[in-house]
Each structure stands twice: as structure tokens, then as C-alpha cells.
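Engineer: Below is the file my_file-v5.cif, with mmCIF, C-alpha atoms.
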data_my_file
#
loop_
_atom_site.group_PDB
_atom_site.id
_atom_site.type_symbol
_atom_site.label_atom_id
_atom_site.label_comp_id
_atom_site.auth_asym_id
_atom_site.auth_seq_id
_atom_site.Cartn_x
_atom_site.Cartn_y
_atom_site.Cartn_z
ATOM 1 C CA MET A 1 48.835 287.350 225.494
ATOM 2 C CA SER A 2 48.506 283.797 226.719
ATOM 3 C CA PHE A 3 48.076 280.722 224.539
ATOM 4 C CA VAL A 4 44.439 280.409 225.569
ATOM 5 C CA GLY A 5 43.877 284.112 224.961
ATOM 6 C CA ARG A 6 45.151 283.800 221.401
ATOM 7 C CA TYR A 7 43.208 280.675 220.515
ATOM 8 C CA ASN A 8 39.910 281.036 222.319
ATOM 9 C CA ARG A 9 38.709 283.403 219.595
ATOM 10 C CA LEU A 10 39.112 280.865 216.814
ATOM 11 C CA VAL A 11 36.014 279.854 214.940
ATOM 12 C CA LEU A 12 36.320 276.122 214.492
ATOM 13 C CA ALA A 13 34.874 274.653 211.317
ATOM 14 C CA GLN A 14 32.273 272.130 212.462
ATOM 15 C CA PRO A 15 30.960 269.600 211.784
ATOM 16 C CA TYR A 16 33.645 267.522 210.141
ATOM 17 C CA ASP A 17 34.406 263.860 209.687
ATOM 18 C CA ALA A 18 37.390 263.166 211.963
ATOM 19 C CA SER A 19 37.735 259.623 210.620
ATOM 20 C CA ALA A 20 38.661 261.011 207.195
ATOM 21 C CA MET A 21 41.293 263.395 208.560
ATOM 22 C CA ARG A 22 44.936 263.129 209.355
ATOM 23 C CA LEU A 23 45.238 264.669 212.816
ATOM 24 C CA PHE A 24 48.341 266.235 214.336
ATOM 25 C CA LEU A 25 49.064 267.100 217.965
ATOM 26 C CA GLY A 26 51.429 269.757 219.265
ATOM 27 C CA VAL A 27 52.127 270.017 223.000
ATOM 28 C CA ASP A 28 54.106 272.600 224.953
ATOM 29 C CA GLY A 29 54.767 271.278 228.447
ATOM 30 C CA GLY A 30 56.315 273.493 231.065
ATOM 31 C CA GLN A 31 56.732 274.315 234.726
ATOM 32 C CA SER A 32 53.492 276.283 235.011
ATOM 33 C CA SER A 33 51.177 274.709 232.423
ATOM 34 C CA THR A 34 50.807 272.343 229.491
ATOM 35 C CA LYS A 35 49.145 273.420 226.241
ATOM 36 C CA ALA A 36 47.928 271.192 223.417
ATOM 37 C CA VAL A 37 46.784 272.058 219.897
ATOM 38 C CA ILE A 38 45.142 269.656 217.445
ATOM 39 C CA GLY A 39 45.308 270.386 213.737
ATOM 40 C CA ASP A 40 44.548 268.582 210.508
ATOM 41 C CA GLN A 41 46.294 268.047 207.182
ATOM 42 C CA THR A 42 44.803 271.272 205.798
ATOM 43 C CA ARG A 43 46.506 273.273 208.589
ATOM 44 C CA ARG A 44 43.248 274.042 210.374
ATOM 45 C CA ILE A 45 43.370 274.242 214.153
ATOM 46 C CA LEU A 46 40.546 272.053 215.346
ATOM 47 C CA GLY A 47 40.948 272.346 219.101
ATOM 48 C CA TRP A 48 43.192 273.496 221.908
ATOM 49 C CA GLY A 49 43.444 272.789 225.588
ATOM 50 C CA ALA A 50 45.457 273.576 228.678
ATOM 51 C CA GLY A 51 46.465 271.524 231.683
ATOM 52 C CA GLY A 52 48.723 271.687 234.692
ATOM 53 C CA PRO A 53 52.528 271.612 234.795
ATOM 54 C CA CYS A 54 54.487 268.617 233.561
ATOM 55 C CA ASN A 55 58.143 269.236 234.295
ATOM 56 C CA HIS A 56 60.776 266.956 235.797
ATOM 57 C CA ALA A 57 59.311 263.504 235.156
ATOM 58 C CA ALA A 58 62.054 261.776 237.136
ATOM 59 C CA ALA A 59 61.683 263.828 240.329
ATOM 60 C CA GLY A 60 59.423 262.486 243.097
ATOM 61 C CA GLU A 61 55.850 262.759 241.911
ATOM 62 C CA GLY A 62 57.086 264.082 238.563
ATOM 63 C CA ARG A 63 55.743 261.169 236.523
ATOM 64 C CA ALA A 64 52.224 261.646 237.884
ATOM 65 C CA ARG A 65 52.469 265.420 237.270
ATOM 66 C CA LEU A 66 53.610 264.818 233.684
ATOM 67 C CA GLU A 67 50.802 262.335 233.005
ATOM 68 C CA ARG A 68 48.190 264.619 234.584
ATOM 69 C CA GLY A 69 49.325 267.746 232.698
ATOM 70 C CA VAL A 70 49.438 266.000 229.328
ATOM 71 C CA ARG A 71 46.122 264.184 229.862
ATOM 72 C CA GLU A 72 44.359 267.380 230.970
ATOM 73 C CA SER A 73 45.574 269.379 227.975
ATOM 74 C CA LEU A 74 44.941 266.526 225.519
ATOM 75 C CA GLU A 75 41.429 265.850 226.818
ATOM 76 C CA ALA A 76 40.564 269.574 226.721
ATOM 77 C CA ALA A 77 41.878 269.905 223.152
ATOM 78 C CA CYS A 78 39.910 266.830 222.072
ATOM 79 C CA ARG A 79 36.724 268.142 223.713
ATOM 80 C CA ASN A 80 37.224 271.479 221.991
ATOM 81 C CA ALA A 81 37.680 269.669 218.660
ATOM 82 C CA GLY A 82 34.726 267.325 219.173
ATOM 83 C CA LEU A 83 36.993 264.253 219.352
ATOM 84 C CA ASP A 84 37.029 261.297 221.713
ATOM 85 C CA ALA A 85 40.364 261.489 223.534
ATOM 86 C CA ALA A 86 40.291 257.748 224.249
ATOM 87 C CA ALA A 87 39.798 256.832 220.583
ATOM 88 C CA VAL A 88 41.718 259.430 218.594
ATOM 89 C CA CYS A 89 44.913 258.396 216.806
ATOM 90 C CA PHE A 90 47.269 261.121 215.623
ATOM 91 C CA GLU A 91 49.360 260.945 212.483
ATOM 92 C CA ALA A 92 52.113 262.643 214.494
ATOM 93 C CA ALA A 93 52.537 264.189 217.928
ATOM 94 C CA CYS A 94 55.276 266.700 218.682
ATOM 95 C CA PHE A 95 56.172 267.566 222.276
ATOM 96 C CA GLY A 96 58.282 270.442 223.547
ATOM 97 C CA MET A 97 58.877 269.741 227.235
ATOM 98 C CA SER A 98 60.836 271.478 229.963
ATOM 99 C CA GLY A 99 63.227 269.436 232.040
ATOM 100 C CA GLY A 100 64.738 267.414 229.193
ATOM 101 C CA PRO A 101 63.574 264.218 227.476
ATOM 102 C CA GLU A 102 64.778 261.647 230.030
ATOM 103 C CA GLY A 103 62.098 258.985 230.420
ATOM 104 C CA LYS A 104 59.321 261.097 228.939
ATOM 105 C CA ARG A 105 58.961 259.263 225.632
ATOM 106 C CA GLU A 106 57.805 256.053 227.337
ATOM 107 C CA ILE A 107 55.325 257.980 229.499
ATOM 108 C CA LEU A 108 53.930 259.917 226.534
ATOM 109 C CA ALA A 109 53.584 256.755 224.431
ATOM 110 C CA SER A 110 51.444 255.246 227.197
ATOM 111 C CA ILE A 111 49.096 258.268 227.230
ATOM 112 C CA LEU A 112 48.189 258.683 223.568
ATOM 113 C CA ARG A 113 47.984 256.872 220.261
ATOM 114 C CA THR A 114 50.131 258.265 217.494
ATOM 115 C CA ARG A 115 51.942 256.913 214.469
ATOM 116 C CA ARG A 116 54.924 259.170 215.122
ATOM 117 C CA LEU A 117 56.077 260.663 218.408
ATOM 118 C CA THR A 118 58.701 263.403 218.442
#
Mind converting the file's structure to C-alpha cells?

Structural biologist:
Amino acid sequence: MSFVGRYNRLVLAQPYDASAMRLFLGVDGGQSSTKAVIGDQTRRILGWGAGGPCNHAAAGEGRARLERGVRESLEAACRNAGLDAAAVCFEAACFGMSGGPEGKREILASILRTRRLT
């Protein structure tokens, strides 16, 4: 079963005060798609989203593909969680990316606000 198939049946607890929460982001970026999950300090999944591929940041148009895939999945997860993607700041963001870490940290840091990026 796909990521979306597993998580689209979740009942998200709404409404909630996002400003009072510590938010965490997990992203799985690969050759076929990018998936993002947002959770809080109580281990609740607040939102999820999927985007396009984001592999090989150094190859040709790889940087643009990486940015697009991460932005799409992040924006979808934020929408699903009722958060403003442009304003949200995560306590921590953890990325698992195909193609190795070369140059990706700088790109990811330019896309989102987080206190800790791993």
C-alpha cells in the first residue's frame, strides 16, 4: 500500500492551535515521488502530502526538481494540516533523500524554516 493510501484514512484532530505546538517534519524524497508528514510533540500526525521526484540535485535540472518535489510535498502536508507553508517553523525536519546528501542541505535550508535540519 502506498504512503498516501495508508495516511489518507487518518482522522485529523481539528481545530488546534498550531502556534502552541512544536511541529516536526519528516520527508522521504526519491526517484519517483517525495512524501512529507507533519507531526506534533504528542506524536499526532497532523498532515501529509506528496510531490514529484527529487533525486540527483547536482545533475542538470536536478536542483529545480529537488526544490519542486520538496515544495509540493511540504505545501500539500501543510494544507492537509491547516498550516500556512510560508509561515510555519518546524522544531526539527528530517530528510531521507535518494542520491546522497551532496549539496542538498543548502537547498533544503532555503525552502523551509526549521530549528534543526537533519

Engineer: Name the closest residue to A:Arg116 among the candidates A:Leu46, A:Lys104, A:Met97, A:Ala92; distances are taken between atoms, counting all atoms listed in the file.

Structural biologist: A:Ala92

Engineer: The PyMOL selection byres ((chain A and resi 30) around 6) on the file shown: which residues, as a ChimeraX atom specification?

Structural biologist: /A:29,31-34,53-55,97-98

Engineer: Hey, what's within 12 Å of A:Met21 if we count all atoms listed in the file and toss same-chain stuff fewer than 6 positions away? As number ranges by chain, please?

Structural biologist: A: 38-44, 46, 83, 88-91

Engineer: Could you save those same residues with C-alpha atoms as a PDB file, in the coordinates of the input?

Structural biologist:
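This is the output file result-v5.pdb:
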ATOM      1  CA  ILE A  38      45.142 269.656 217.445  1.00  0.00           C
ATOM      2  CA  GLY A  39      45.308 270.386 213.737  1.00  0.00           C
ATOM      3  CA  ASP A  40      44.548 268.582 210.508  1.00  0.00           C
ATOM      4  CA  GLN A  41      46.294 268.047 207.182  1.00  0.00           C
ATOM      5  CA  THR A  42      44.803 271.272 205.798  1.00  0.00           C
ATOM      6  CA  ARG A  43      46.506 273.273 208.589  1.00  0.00           C
ATOM      7  CA  ARG A  44      43.248 274.042 210.374  1.00  0.00           C
ATOM      8  CA  LEU A  46      40.546 272.053 215.346  1.00  0.00           C
ATOM      9  CA  LEU A  83      36.993 264.253 219.352  1.00  0.00           C
ATOM     10  CA  VAL A  88      41.718 259.430 218.594  1.00  0.00           C
ATOM     11  CA  CYS A  89      44.913 258.396 216.806  1.00  0.00           C
ATOM     12  CA  PHE A  90      47.269 261.121 215.623  1.00  0.00           C
ATOM     13  CA  GLU A  91      49.360 260.945 212.483  1.00  0.00           C
TER      14      GLU A  91
END

Engineer: What would the selection look like, as a ChimeraX atom specification, if the PyMOL selection byres ((chain A and resi 79) around 12) were run on the coordinates I just shared?

Structural biologist: /A:36-38,46-50,71-78,80-86,88

Engineer: Residues within 7 Å of A:Cys94, please, as a PyMOL selection string. Count all atoms listed in the file; anything in the same chain fewer than 5 positions from it doesn't count.

Structural biologist: chain A and resi 25-27+117-118

Engineer: For atom CA of A:Gly51 and atom CA of A:Arg22, quote the distance in Å rounded to one decimal.

Structural biologist: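 Computing the Euclidean distance for atom CA of A:Gly51 and atom CA of A:Arg22 yields 23.9 Å.
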
Engineer: Would you compute the distance between atom CA of A:Ile45 and atom CA of A:Gly99? Give it in Å to one decimal.

Structural biologist: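 Between atom CA of A:Ile45 and atom CA of A:Gly99 the gap is 27.2 Å.
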
Engineer: What is the atom CA of A:Phe24-atom CA of A:Glu61 distance in Å, reported with one decimal?

Structural biologist: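 That distance, rounded to one decimal, is 28.8 Å.
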